[in-house]
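Enquirer: Sharing work_18.cif, mmCIF, C-alpha atoms and all ligand atoms:
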```cif
data_query
#
loop_
_atom_site.label_atom_id
_atom_site.label_comp_id
_atom_site.auth_asym_id
_atom_site.auth_seq_id
_atom_site.Cartn_x
_atom_site.Cartn_y
_atom_site.Cartn_z
CA ALA A 1 29.37 0.84 -29.49
CA PRO A 2 28.06 -2.58 -30.49
CA VAL A 3 28.77 -3.64 -34.07
CA PRO A 4 25.56 -3.60 -36.14
CA PRO A 5 24.61 -7.14 -37.16
CA PRO A 6 25.19 -8.31 -40.69
CA ALA A 7 21.98 -7.95 -42.63
CA ALA A 8 21.85 -11.72 -43.09
CA HIS A 9 20.88 -12.05 -39.44
CA HIS A 10 18.02 -9.57 -39.55
CA PHE A 11 14.78 -8.94 -41.42
CA SER A 12 15.40 -6.07 -43.78
CA ASP A 13 12.87 -6.77 -46.52
CA PRO A 14 9.46 -5.22 -45.63
CA ALA A 15 7.66 -7.63 -47.97
CA GLU A 16 9.17 -10.60 -46.17
CA VAL A 17 8.22 -9.15 -42.77
CA GLU A 18 4.64 -8.71 -43.97
CA ALA A 19 4.48 -12.28 -45.30
CA LEU A 20 5.90 -13.71 -42.08
CA ARG A 21 3.34 -11.82 -39.97
CA ARG A 22 0.49 -12.98 -42.18
CA ASN A 23 1.57 -16.63 -42.15
CA LEU A 24 2.22 -16.75 -38.43
CA LEU A 25 -1.08 -15.07 -37.48
CA ALA A 26 -3.10 -17.28 -39.83
CA TRP A 27 -1.54 -20.35 -38.21
CA TYR A 28 -2.22 -18.95 -34.72
CA ASP A 29 -5.86 -18.34 -35.57
CA ARG A 30 -6.16 -21.97 -36.63
CA CYS A 31 -3.99 -23.75 -34.08
CA GLN A 32 -3.71 -21.76 -30.86
CA ARG A 33 -4.22 -23.64 -27.62
CA ASP A 34 -7.30 -22.83 -25.62
CA LEU A 35 -5.88 -21.28 -22.41
CA PRO A 36 -7.84 -19.55 -19.64
CA TRP A 37 -5.75 -16.35 -19.62
CA ARG A 38 -6.22 -15.95 -23.36
CA ALA A 39 -9.97 -16.12 -23.00
CA LEU A 40 -9.84 -13.50 -20.21
CA ALA A 41 -7.52 -11.18 -22.14
CA ALA A 42 -9.79 -11.37 -25.18
CA THR A 43 -13.11 -10.83 -23.41
CA GLU A 44 -12.52 -8.75 -20.26
CA PRO A 45 -13.76 -5.20 -20.96
CA ASP A 46 -12.12 -3.62 -17.89
CA ALA A 47 -8.55 -2.62 -18.85
CA ASP A 48 -7.10 -2.98 -15.33
CA ARG A 49 -8.58 -6.42 -14.88
CA ARG A 50 -7.32 -7.42 -18.31
CA GLY A 51 -3.80 -6.29 -17.48
CA TYR A 52 -3.97 -8.05 -14.13
CA ALA A 53 -5.13 -11.31 -15.73
CA VAL A 54 -2.25 -11.28 -18.23
CA TRP A 55 0.22 -10.30 -15.55
CA VAL A 56 -0.70 -13.21 -13.26
CA SER A 57 -0.42 -15.68 -16.15
CA GLU A 58 2.96 -14.35 -17.26
CA ILE A 59 4.44 -14.53 -13.76
CA MET A 60 3.12 -18.07 -13.25
CA LEU A 61 4.44 -19.19 -16.65
CA GLN A 62 8.01 -18.12 -15.88
CA GLN A 63 10.07 -21.32 -15.65
CA THR A 64 6.87 -23.40 -15.43
CA GLN A 65 5.01 -25.58 -17.94
CA VAL A 66 1.64 -24.41 -19.27
CA ALA A 67 -0.05 -27.66 -18.18
CA THR A 68 1.03 -27.11 -14.57
CA VAL A 69 0.01 -23.46 -14.52
CA ILE A 70 -3.61 -23.82 -15.69
CA ASP A 71 -5.01 -25.16 -12.42
CA TYR A 72 -3.04 -22.69 -10.28
CA TYR A 73 -4.16 -19.84 -12.51
CA ASN A 74 -7.84 -20.76 -12.30
CA ARG A 75 -7.71 -21.08 -8.52
CA TRP A 76 -5.82 -17.80 -8.17
CA MET A 77 -8.25 -15.84 -10.35
CA GLN A 78 -11.18 -17.33 -8.54
CA LYS A 79 -9.77 -16.36 -5.15
CA TRP A 80 -8.39 -12.94 -6.18
CA PRO A 81 -10.20 -11.81 -9.33
CA THR A 82 -8.93 -8.22 -9.03
CA LEU A 83 -5.79 -6.35 -8.01
CA GLN A 84 -7.73 -4.98 -5.05
CA ALA A 85 -8.58 -8.47 -3.81
CA LEU A 86 -4.97 -9.59 -4.13
CA ALA A 87 -3.72 -6.49 -2.33
CA GLN A 88 -5.79 -7.52 0.70
CA ALA A 89 -4.53 -11.11 0.81
CA SER A 90 -1.94 -12.19 3.35
CA LEU A 91 1.43 -13.59 2.31
CA GLU A 92 0.45 -16.81 4.06
CA GLU A 93 -2.58 -17.21 1.77
CA VAL A 94 -0.46 -16.42 -1.30
CA ASN A 95 2.16 -18.99 -0.30
CA GLU A 96 -0.54 -21.59 0.36
CA LEU A 97 -2.00 -21.21 -3.09
CA TRP A 98 1.45 -21.08 -4.69
CA ALA A 99 2.68 -24.22 -2.85
CA GLY A 100 4.07 -26.67 -5.40
CA LEU A 101 4.48 -24.15 -8.23
CA GLY A 102 8.12 -23.37 -7.30
CA TYR A 103 10.11 -20.14 -7.37
CA TYR A 104 8.05 -18.84 -4.47
CA SER A 105 9.32 -15.26 -4.55
CA ARG A 106 7.18 -14.80 -7.68
CA GLY A 107 3.93 -14.98 -5.71
CA LYS A 108 5.23 -12.71 -3.00
CA ARG A 109 6.43 -10.09 -5.48
CA LEU A 110 3.15 -10.25 -7.39
CA GLN A 111 1.25 -9.49 -4.22
CA GLU A 112 3.62 -6.67 -3.21
CA ALA A 113 3.27 -5.13 -6.65
CA ALA A 114 -0.55 -5.39 -6.49
CA ARG A 115 -0.44 -3.49 -3.19
CA LYS A 116 1.67 -0.84 -4.84
CA VAL A 117 -0.78 -0.44 -7.74
CA VAL A 118 -3.66 -0.06 -5.30
CA SER A 119 -1.94 2.30 -2.86
CA GLU A 120 0.23 4.39 -5.19
CA LEU A 121 -1.37 4.19 -8.63
CA ALA A 122 -5.02 4.48 -7.60
CA GLY A 123 -5.61 0.86 -8.60
CA HIS A 124 -4.77 1.46 -12.27
CA MET A 125 -2.26 -0.67 -14.15
CA PRO A 126 0.40 1.22 -16.13
CA ARG A 127 -0.44 0.90 -19.85
CA THR A 128 2.95 0.87 -21.62
CA ALA A 129 5.86 -1.57 -21.45
CA GLU A 130 8.16 1.22 -20.30
CA ASP A 131 5.91 2.23 -17.38
CA LEU A 132 5.08 -1.34 -16.42
CA GLN A 133 8.78 -2.14 -16.12
CA LYS A 134 9.54 1.10 -14.31
CA LEU A 135 6.67 1.07 -11.85
CA LEU A 136 5.96 -2.57 -11.00
CA PRO A 137 8.41 -4.50 -8.83
CA GLY A 138 9.23 -7.91 -10.28
CA VAL A 139 8.14 -6.93 -13.81
CA GLY A 140 11.10 -7.17 -16.20
CA ARG A 141 11.40 -6.30 -19.87
CA TYR A 142 9.73 -9.48 -21.11
CA THR A 143 6.73 -9.39 -18.74
CA ALA A 144 6.21 -5.67 -19.38
CA GLY A 145 6.19 -6.27 -23.15
CA ALA A 146 3.80 -9.19 -22.81
CA ILE A 147 1.28 -7.27 -20.67
CA ALA A 148 1.51 -4.11 -22.82
CA SER A 149 1.02 -5.97 -26.09
CA ILE A 150 -1.55 -8.58 -25.01
CA ALA A 151 -3.69 -6.48 -22.66
CA TYR A 152 -3.21 -2.98 -24.10
CA GLY A 153 -2.36 -3.50 -27.78
CA GLN A 154 1.01 -1.74 -27.68
CA ALA A 155 3.12 -2.73 -30.72
CA THR A 156 6.12 -3.90 -28.77
CA GLY A 157 7.99 -7.20 -29.15
CA VAL A 158 8.84 -9.82 -26.54
CA VAL A 159 11.83 -12.12 -26.17
CA ASP A 160 11.59 -15.21 -24.00
CA GLY A 161 13.24 -18.64 -24.30
CA ASN A 162 10.85 -19.77 -27.04
CA VAL A 163 11.30 -16.58 -29.06
CA ILE A 164 15.09 -16.82 -28.74
CA ARG A 165 15.01 -20.31 -30.23
CA VAL A 166 12.70 -19.39 -33.13
CA LEU A 167 14.53 -16.17 -34.07
CA CYS A 168 17.99 -17.75 -33.83
CA ARG A 169 16.83 -20.46 -36.22
CA LEU A 170 15.02 -18.10 -38.57
CA ARG A 171 18.17 -16.03 -38.95
CA CYS A 172 20.97 -18.56 -38.28
CA ILE A 173 22.24 -16.80 -35.17
CA GLY A 174 24.82 -19.17 -33.73
CA ALA A 175 26.66 -16.92 -31.29
CA ASP A 176 26.00 -17.50 -27.57
CA SER A 177 22.28 -16.72 -27.27
CA SER A 178 22.61 -15.60 -23.66
CA SER A 179 25.20 -12.93 -24.48
CA PRO A 180 24.01 -9.31 -24.15
CA ALA A 181 24.98 -8.55 -27.77
CA VAL A 182 22.78 -11.36 -29.13
CA ILE A 183 19.92 -10.59 -26.74
CA ASP A 184 19.97 -6.95 -27.89
CA ARG A 185 19.75 -8.06 -31.53
CA LEU A 186 16.85 -10.37 -30.76
CA TRP A 187 14.92 -7.57 -29.09
CA ASP A 188 15.53 -5.39 -32.17
CA MET A 189 14.27 -8.18 -34.35
CA ALA A 190 11.19 -8.85 -32.18
CA ASN A 191 10.31 -5.15 -32.29
CA THR A 192 10.74 -5.09 -36.07
CA LEU A 193 8.61 -8.14 -36.62
CA VAL A 194 5.70 -7.52 -34.24
CA ASP A 195 2.45 -6.99 -36.11
CA ARG A 196 1.24 -3.41 -35.72
CA SER A 197 -2.45 -4.20 -35.64
CA ARG A 198 -2.40 -7.45 -33.62
CA PRO A 199 0.74 -7.19 -31.44
CA GLY A 200 -0.56 -9.34 -28.57
CA ASP A 201 -1.63 -12.15 -30.89
CA PHE A 202 1.61 -11.93 -32.84
CA ASN A 203 3.75 -12.22 -29.70
CA GLN A 204 1.70 -15.11 -28.41
CA ALA A 205 1.91 -16.78 -31.82
CA LEU A 206 5.71 -16.53 -31.87
CA MET A 207 5.91 -18.01 -28.36
CA GLU A 208 3.36 -20.69 -29.23
CA LEU A 209 5.38 -21.62 -32.30
CA GLY A 210 8.44 -22.13 -30.09
CA ALA A 211 6.44 -24.13 -27.56
CA THR A 212 4.67 -26.46 -29.98
CA VAL A 213 6.44 -26.56 -33.38
CA CYS A 214 9.92 -25.07 -33.20
CA VAL A 215 10.69 -27.12 -30.09
CA PRO A 216 14.23 -27.63 -28.77
CA LYS A 217 15.02 -31.21 -29.83
CA ALA A 218 12.88 -32.34 -32.77
CA PRO A 219 11.24 -29.31 -34.41
CA LEU A 220 8.38 -30.02 -36.80
CA CYS A 221 9.77 -28.01 -39.69
CA GLY A 222 7.45 -29.65 -42.22
CA GLU A 223 4.42 -28.18 -40.41
CA CYS A 224 5.96 -24.82 -39.64
CA PRO A 225 4.01 -21.79 -40.89
CA VAL A 226 7.18 -19.72 -41.34
CA LYS A 227 9.41 -22.35 -42.90
CA GLN A 228 9.84 -20.37 -46.08
CA HIS A 229 11.48 -17.61 -44.01
CA CYS A 230 13.78 -19.93 -42.09
CA GLN A 231 17.48 -19.77 -42.89
CA ALA A 232 18.36 -22.69 -40.61
CA ARG A 233 16.01 -24.93 -42.59
CA ARG A 234 17.41 -23.65 -45.85
CA ARG A 235 20.88 -24.38 -44.64
CA LYS A 236 19.87 -27.87 -43.63
CA LEU A 237 18.25 -28.57 -47.00
CA PHE A 238 20.88 -26.99 -49.22
CA GLY A 239 23.93 -27.59 -47.05
CA LYS A 240 25.46 -24.17 -47.31
CA PRO A 241 25.01 -20.76 -45.73
CA THR A 242 22.23 -18.58 -47.07
CA PRO A 243 23.45 -16.29 -49.82
CA VAL A 244 24.00 -12.89 -48.28
CA PRO A 245 23.43 -10.10 -50.76
CA ASP A 246 24.96 -7.22 -48.92
CA VAL A 247 27.48 -8.73 -46.51
CA GLU A 248 29.74 -10.90 -48.57
CA ASP A 249 31.85 -12.46 -45.90
CA CYS A 250 29.19 -13.37 -43.34
CA GLY A 251 29.74 -16.90 -42.17
CA VAL A 252 33.37 -17.14 -43.24
CA GLY A 253 34.87 -14.14 -41.49
CA ASP A 254 34.53 -12.93 -37.97
CA CYS A 255 30.77 -12.29 -37.98
CA PRO A 256 29.72 -11.74 -34.33
CA LEU A 257 26.39 -13.54 -34.85
CA CYS A 258 27.40 -16.64 -36.86
CA LEU A 259 28.26 -20.01 -35.39
CA PRO A 260 31.73 -19.75 -33.83
CA ALA A 261 34.62 -21.06 -35.95
CA THR A 262 35.58 -23.31 -33.04
CA GLU A 263 32.18 -25.07 -33.13
CA PRO A 264 31.03 -24.88 -36.75
CA TRP A 265 27.85 -26.22 -38.35
CA ASP A 266 27.26 -29.87 -37.50
CA SER A 267 25.14 -31.44 -40.25
CA SER A 268 23.88 -34.20 -37.93
CA LEU A 269 22.13 -31.50 -35.83
CA GLY A 270 20.34 -29.74 -38.68
CA VAL A 271 18.30 -26.74 -37.53
CA THR A 272 19.08 -27.57 -33.90
CA ASN A 273 22.55 -26.14 -34.48
CA PHE A 274 20.71 -23.01 -33.36
CA PRO A 275 20.56 -21.57 -30.80
CA ARG A 276 23.89 -22.05 -29.06
CA LYS A 277 24.29 -21.46 -25.37
CA SER A 278 27.35 -21.24 -23.17
CA ALA A 279 27.66 -24.17 -20.77
CA LYS A 280 25.29 -23.89 -17.81
CA LYS A 281 26.78 -23.33 -14.40
CA GLN A 282 26.57 -26.46 -12.30
CA PRO A 283 24.09 -26.08 -9.43
CA ARG A 284 25.62 -25.65 -5.98
CA ALA A 285 25.44 -28.78 -3.80
CA MET A 286 23.89 -28.31 -0.36
CA ARG A 287 23.15 -30.76 2.42
CA THR A 288 20.50 -30.12 5.03
CA ALA A 289 19.51 -32.27 7.99
CA THR A 290 15.77 -32.25 8.56
CA CYS A 291 13.64 -34.00 11.12
CA VAL A 292 10.01 -34.99 11.16
CA LEU A 293 8.92 -34.68 14.77
CA GLU A 294 5.68 -36.53 15.35
CA ARG A 295 3.27 -36.79 18.23
CA LYS A 296 -0.15 -38.33 18.80
CA GLY A 297 -2.79 -35.70 18.09
CA SER A 298 -5.97 -35.20 20.10
CA CYS A 299 -8.01 -37.22 17.59
CA GLY A 300 -5.61 -40.15 17.69
CA GLY A 301 -3.83 -39.51 14.38
CA LEU A 302 -0.27 -38.29 14.03
CA GLU A 303 0.70 -34.63 14.07
CA TYR A 304 3.93 -33.13 12.75
CA LEU A 305 5.86 -30.07 13.81
CA ILE A 306 6.42 -27.48 11.08
CA VAL A 307 8.25 -24.18 11.42
CA GLN A 308 8.24 -21.09 9.25
CA ARG A 309 11.25 -19.97 7.22
CA PRO A 310 12.47 -16.36 7.35
CA SER A 311 10.53 -13.82 5.30
CA SER A 312 13.39 -13.28 2.84
CA GLY A 313 15.75 -15.52 0.89
CA LEU A 314 15.12 -18.96 -0.60
CA LEU A 315 11.55 -20.29 0.01
CA ALA A 316 10.75 -17.14 2.00
CA GLY A 317 7.88 -17.51 4.47
CA LEU A 318 7.22 -21.15 3.61
CA TRP A 319 6.77 -23.85 6.26
CA GLU A 320 9.09 -26.82 6.68
CA PHE A 321 10.16 -29.52 9.10
CA PRO A 322 12.84 -28.17 11.43
CA SER A 323 15.96 -28.19 9.31
CA LEU A 324 19.60 -27.38 9.63
CA PRO A 325 21.95 -26.67 6.71
CA LEU A 326 25.15 -28.67 7.19
CA ALA A 327 28.67 -27.55 6.47
CA GLN A 328 30.47 -30.21 4.40
CA ASP A 329 32.97 -30.97 7.16
CA LEU A 330 30.35 -31.43 9.88
CA GLN A 331 28.44 -34.33 8.37
CA GLU A 332 29.65 -36.83 10.94
CA LYS A 333 28.17 -34.74 13.71
CA GLU A 334 24.86 -34.03 12.01
CA ARG A 335 22.80 -36.09 14.43
CA GLU A 336 24.16 -34.19 17.46
CA LEU A 337 23.80 -30.85 15.74
CA LEU A 338 20.22 -31.61 14.79
CA ALA A 339 19.36 -32.71 18.33
CA ASP A 340 20.78 -29.43 19.70
CA HIS A 341 18.85 -27.49 17.11
CA PHE A 342 15.52 -29.00 18.19
CA GLN A 343 15.89 -27.91 21.74
CA GLY A 344 15.15 -24.40 20.52
CA TRP A 345 11.65 -25.49 19.48
CA ILE A 346 10.58 -28.08 21.95
CA GLY A 347 12.26 -26.61 25.02
CA GLN A 348 13.62 -29.88 26.33
CA PRO A 349 16.80 -31.83 25.66
CA VAL A 350 16.71 -34.25 22.75
CA ALA A 351 18.94 -37.34 22.82
CA ALA A 352 20.81 -37.61 19.54
CA LYS A 353 20.44 -41.38 19.53
CA GLY A 354 16.64 -40.97 19.57
CA LEU A 355 16.77 -39.53 16.07
CA ARG A 356 15.96 -42.24 13.57
CA PHE A 357 17.67 -41.95 10.18
CA ILE A 358 15.06 -42.50 7.44
CA GLY A 359 16.87 -41.75 4.19
CA GLU A 360 17.86 -38.97 1.83
CA VAL A 361 15.73 -36.85 -0.45
CA THR A 362 17.21 -34.79 -3.27
CA HIS A 363 15.53 -31.81 -4.82
CA ILE A 364 16.82 -29.44 -7.48
CA PHE A 365 16.02 -25.79 -6.97
CA SER A 366 16.98 -23.40 -9.76
CA HIS A 367 20.61 -23.13 -8.70
CA ILE A 368 20.93 -25.54 -5.78
CA HIS A 369 21.20 -29.30 -5.70
CA GLN A 370 19.76 -29.89 -2.26
CA THR A 371 20.07 -33.14 -0.33
CA TYR A 372 17.83 -33.48 2.70
CA VAL A 373 19.07 -36.01 5.23
CA VAL A 374 15.81 -37.09 6.80
CA TYR A 375 15.37 -38.16 10.42
CA SER A 376 12.26 -38.82 12.42
CA LEU A 377 11.65 -38.37 16.11
CA PRO A 378 8.49 -39.67 17.77
CA MET A 379 7.61 -37.59 20.85
CA ASP A 380 5.88 -39.06 23.86
CA GLY A 381 3.17 -37.35 25.85
CA ASP A 382 2.12 -33.77 25.62
CA VAL A 383 4.83 -31.70 23.99
CA THR A 384 4.64 -27.97 24.49
CA LEU A 385 6.48 -25.79 22.05
CA ALA A 386 9.02 -23.39 23.49
CA PRO A 387 8.69 -19.76 22.38
CA ALA A 388 11.20 -19.76 19.52
CA SER A 389 12.38 -17.06 17.13
CA SER A 390 10.28 -18.35 14.22
CA PRO A 391 6.61 -19.38 14.24
CA SER A 392 5.92 -23.11 14.58
CA ARG A 393 2.83 -25.33 14.81
CA TRP A 394 1.64 -28.94 14.90
CA VAL A 395 -0.33 -30.11 11.90
CA THR A 396 -2.12 -33.25 10.79
CA GLU A 397 -1.12 -34.76 7.46
CA GLU A 398 -4.11 -33.11 5.80
CA GLU A 399 -3.26 -29.71 7.30
CA PHE A 400 0.35 -30.18 6.21
CA HIS A 401 -0.70 -30.57 2.57
CA ALA A 402 -2.96 -27.51 2.78
CA SER A 403 -0.14 -25.39 4.26
CA ALA A 404 2.40 -23.30 2.39
CA VAL A 405 5.00 -26.04 2.10
CA SER A 406 7.41 -26.67 -0.77
CA THR A 407 7.36 -29.75 -3.00
CA ALA A 408 10.68 -30.75 -1.40
CA MET A 409 9.03 -30.95 2.04
CA LYS A 410 6.20 -33.06 0.63
CA LYS A 411 8.85 -35.47 -0.64
CA VAL A 412 10.42 -35.50 2.83
CA LEU A 413 7.10 -36.43 4.48
CA GLU A 414 6.49 -39.15 1.94
FE1 LIG B 1 11.84 -23.69 -36.41
FE2 LIG B 1 11.92 -25.48 -38.39
FE3 LIG B 1 10.13 -23.49 -38.41
FE4 LIG B 1 12.69 -23.01 -38.82
S1 LIG B 1 11.34 -24.22 -40.13
S2 LIG B 1 11.32 -21.82 -37.52
S3 LIG B 1 13.63 -24.44 -37.46
S4 LIG B 1 10.23 -25.18 -36.94
#
```
What would the structure in this file look like if it were written as structure tokens?
Expert:
Amino acid sequence: APVPPPAAHHFSDPAEVEALRRNLLAWYDRCQRDLPWRALAATEPDADRRGYAVWVSEIMLQQTQVATVIDYYNRWMQKWPTLQALAQASLEEVNELWAGLGYYSRGKRLQEAARKVVSELAGHMPRTAEDLQKLLPGVGRYTAGAIASIAYGQATGVVDGNVIRVLCRLRCIGADSSSPAVIDRLWDMANTLVDRSRPGDFNQALMELGATVCVPKAPLCGECPVKQHCQARRRKLFGKPTPVPDVEDCGVGDCPLCLPATEPWDSSLGVTNFPRKSAKKQPRAMRTATCVLERKGSCGGLEYLIVQRPSSGLLAGLWEFPSLPLAQDLQEKERELLADHFQGWIGQPVAAKGLRFIGEVTHIFSHIHQTYVVYSLPMDGDVTLAPASSPSRWVTEEEFHASAVSTAMKKVLE
């Protein structure tokens, strides 16, 4: 069984919890950013639509900046204002709207889950975090907690990257913040702290604090509404661990939540000693040959051949220039391999020397450092596509940008 955390790393005084809630909510009422999903969650009387609106925003916000999401969110809600509308959309339409937002499986899973709500749950969103997580594909513990608290007023906490940072600083948690033991403690703490009468606002306030005040590199402690509850700040100001009334040896013994003895407090870092993370895994390097085939279109402008990726895996269902992942030891032959590969689409032999090397484009996906080796191949006359295993089509530049293509492919065309 996990060791219970020393009390120093938790909130055990009810009066302090009350004060922290009050201070944080007062600040949120004054300073919250004006965001379209907040307005919808606060004013939409229909509970299913409210849950849907929060759900879409939470999925879009995963791994993506608020400023980027706003425009996508507005367009999405305009096109599919209800679960029922989304359930009727095609994956192609979803990918087109999602193009450029990254992590494409999010849009696909959102649409699959909407279909499930319509067909299996009579169009009604589950109302509790437990049911949301159990019944909706793609909805994890965080998203379930966010929807349940913001849309349905359930007093349940949330833990995302911002909350991890704030809580680790508030309670000087210096153990690896991605370890299951620490994550469990943070969920306990979030559930203890969440305001019982305004849970959705409280959770959003805690996340907002992490996004705007308690930021990773230079937190604005002087303006922080919960600074009087912050042990990291106290430690920075007074240069010693917080006195711990009931666990005497916390910080000098083998406390599982303190900074590790091997990497102790560094006074030059101040509060940013917290949180600590284990080193990130290096992204995997991949090399892919890709070729922009171009022909003269009927209106005189250029047209490009794009093909559709498989419906599962990375960038599922998106369109791209014909591409071929390269094994590291085959780089010298990439031109020949690429020429062979094209025959499958255009149904006629392609001379490797006709492929013109343009340059390289790098793009970082979540876990892959991808290098595209870009070639171009102008085609003469009327090129007819051979029936190939995946769908393909010719598009103008304008049609290309309106298609479901990744940001990486836009870089390739550029
Ligand atoms: Fe974060 Fe500083 Fe506020 Fe502590 S006082 S919660 S470190 S911004």
Enquirer: Using only C-alpha atoms and all ligand atoms, which protein or nucleic acid residues are at most 8 Å from ligand LIG 1 (chain B), as a list of chain:residue names?
Expert: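 Answer in the requested format: A:Arg165, A:Val166, A:Leu167, A:Arg169, A:Leu170, A:Leu209, A:Gly210, A:Val213, A:Cys214, A:Val215, A:Pro219, A:Leu220, A:Cys221, A:Gly222, A:Glu223, A:Cys224, A:Pro225, A:Val226, A:Lys227, A:Gln228, A:His229, A:Cys230, A:Gln231, A:Ala232, A:Arg233, A:Val271, A:Thr272.
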Enquirer: Between A:Thr371, A:Ser197, A:Thr212, A:Ser268, which has the minimum distance to Met286 (chain A) (counting all atoms listed in the file)?
Expert: A:Thr371
Enquirer: For CA of His363 (chain A) and CA of Ala408 (chain A), quote the distance in Å rounded to one decimal.
Expert: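 One can read the CA of His363 (chain A) to CA of Ala408 (chain A) distance as 6.0 Å.
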Enquirer: Looking at all atoms listed in the file, which of A:Tyr103, A:Phe400, A:Phe321, A:Phe11 is the one that sits closest to Val194 (chain A)?
Expert: A:Phe11
Enquirer: Restricting the calculation to all atoms listed in the file, which member of A:Gly313, A:Pro260, A:Gly270, A:Pro126 is positioned closest to Gly174 (chain A)?
Expert: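 For Gly174 (chain A), the nearest of the candidates is A:Pro260.
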Enquirer: If I take CA of Asp254 (chain A) and CA of Ala181 (chain A), how far is one from the other in Å, to one decimal?
Expert: 14.6 Å
Enquirer: At a cut-off of 10 Å, using all atoms listed in the file, what residues contact Val17 (chain A)? Leave out same-chain residues fewer than 2 positions from it and give the result as a ChimeraX atom specification.
Expert: /A:11-15,19-22,192-195,229
Enquirer: Go ahead and dump the residues you just picked, C-alpha atoms, as a PDB file, keeping the file's coordinate frame.
Expert:
```pdb
ATOM      1  CA  PHE A  11      14.780  -8.940 -41.420  1.00  0.00           C
ATOM      2  CA  SER A  12      15.400  -6.070 -43.780  1.00  0.00           C
ATOM      3  CA  ASP A  13      12.870  -6.770 -46.520  1.00  0.00           C
ATOM      4  CA  PRO A  14       9.460  -5.220 -45.630  1.00  0.00           C
ATOM      5  CA  ALA A  15       7.660  -7.630 -47.970  1.00  0.00           C
ATOM      6  CA  ALA A  19       4.480 -12.280 -45.300  1.00  0.00           C
ATOM      7  CA  LEU A  20       5.900 -13.710 -42.080  1.00  0.00           C
ATOM      8  CA  ARG A  21       3.340 -11.820 -39.970  1.00  0.00           C
ATOM      9  CA  ARG A  22       0.490 -12.980 -42.180  1.00  0.00           C
ATOM     10  CA  THR A 192      10.740  -5.090 -36.070  1.00  0.00           C
ATOM     11  CA  LEU A 193       8.610  -8.140 -36.620  1.00  0.00           C
ATOM     12  CA  VAL A 194       5.700  -7.520 -34.240  1.00  0.00           C
ATOM     13  CA  ASP A 195       2.450  -6.990 -36.110  1.00  0.00           C
ATOM     14  CA  HIS A 229      11.480 -17.610 -44.010  1.00  0.00           C
TER      15      HIS A 229
END
```
Enquirer: Which of these, A:Ile59, A:Leu355, A:Ala87, A:Ala327, has the shortest distance to Asp340 (chain A) once you count only C-alpha atoms?
Expert: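 Selected residue with least distance to Asp340 (chain A): A:Leu355.
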Enquirer: Which is closer to Ile306 (chain A) than all the others in A:Phe357, A:Trp55, A:Tyr73, A:Trp394, using all atoms listed in the file?
Expert: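 Among the listed residues, A:Trp394 lies closest to Ile306 (chain A).
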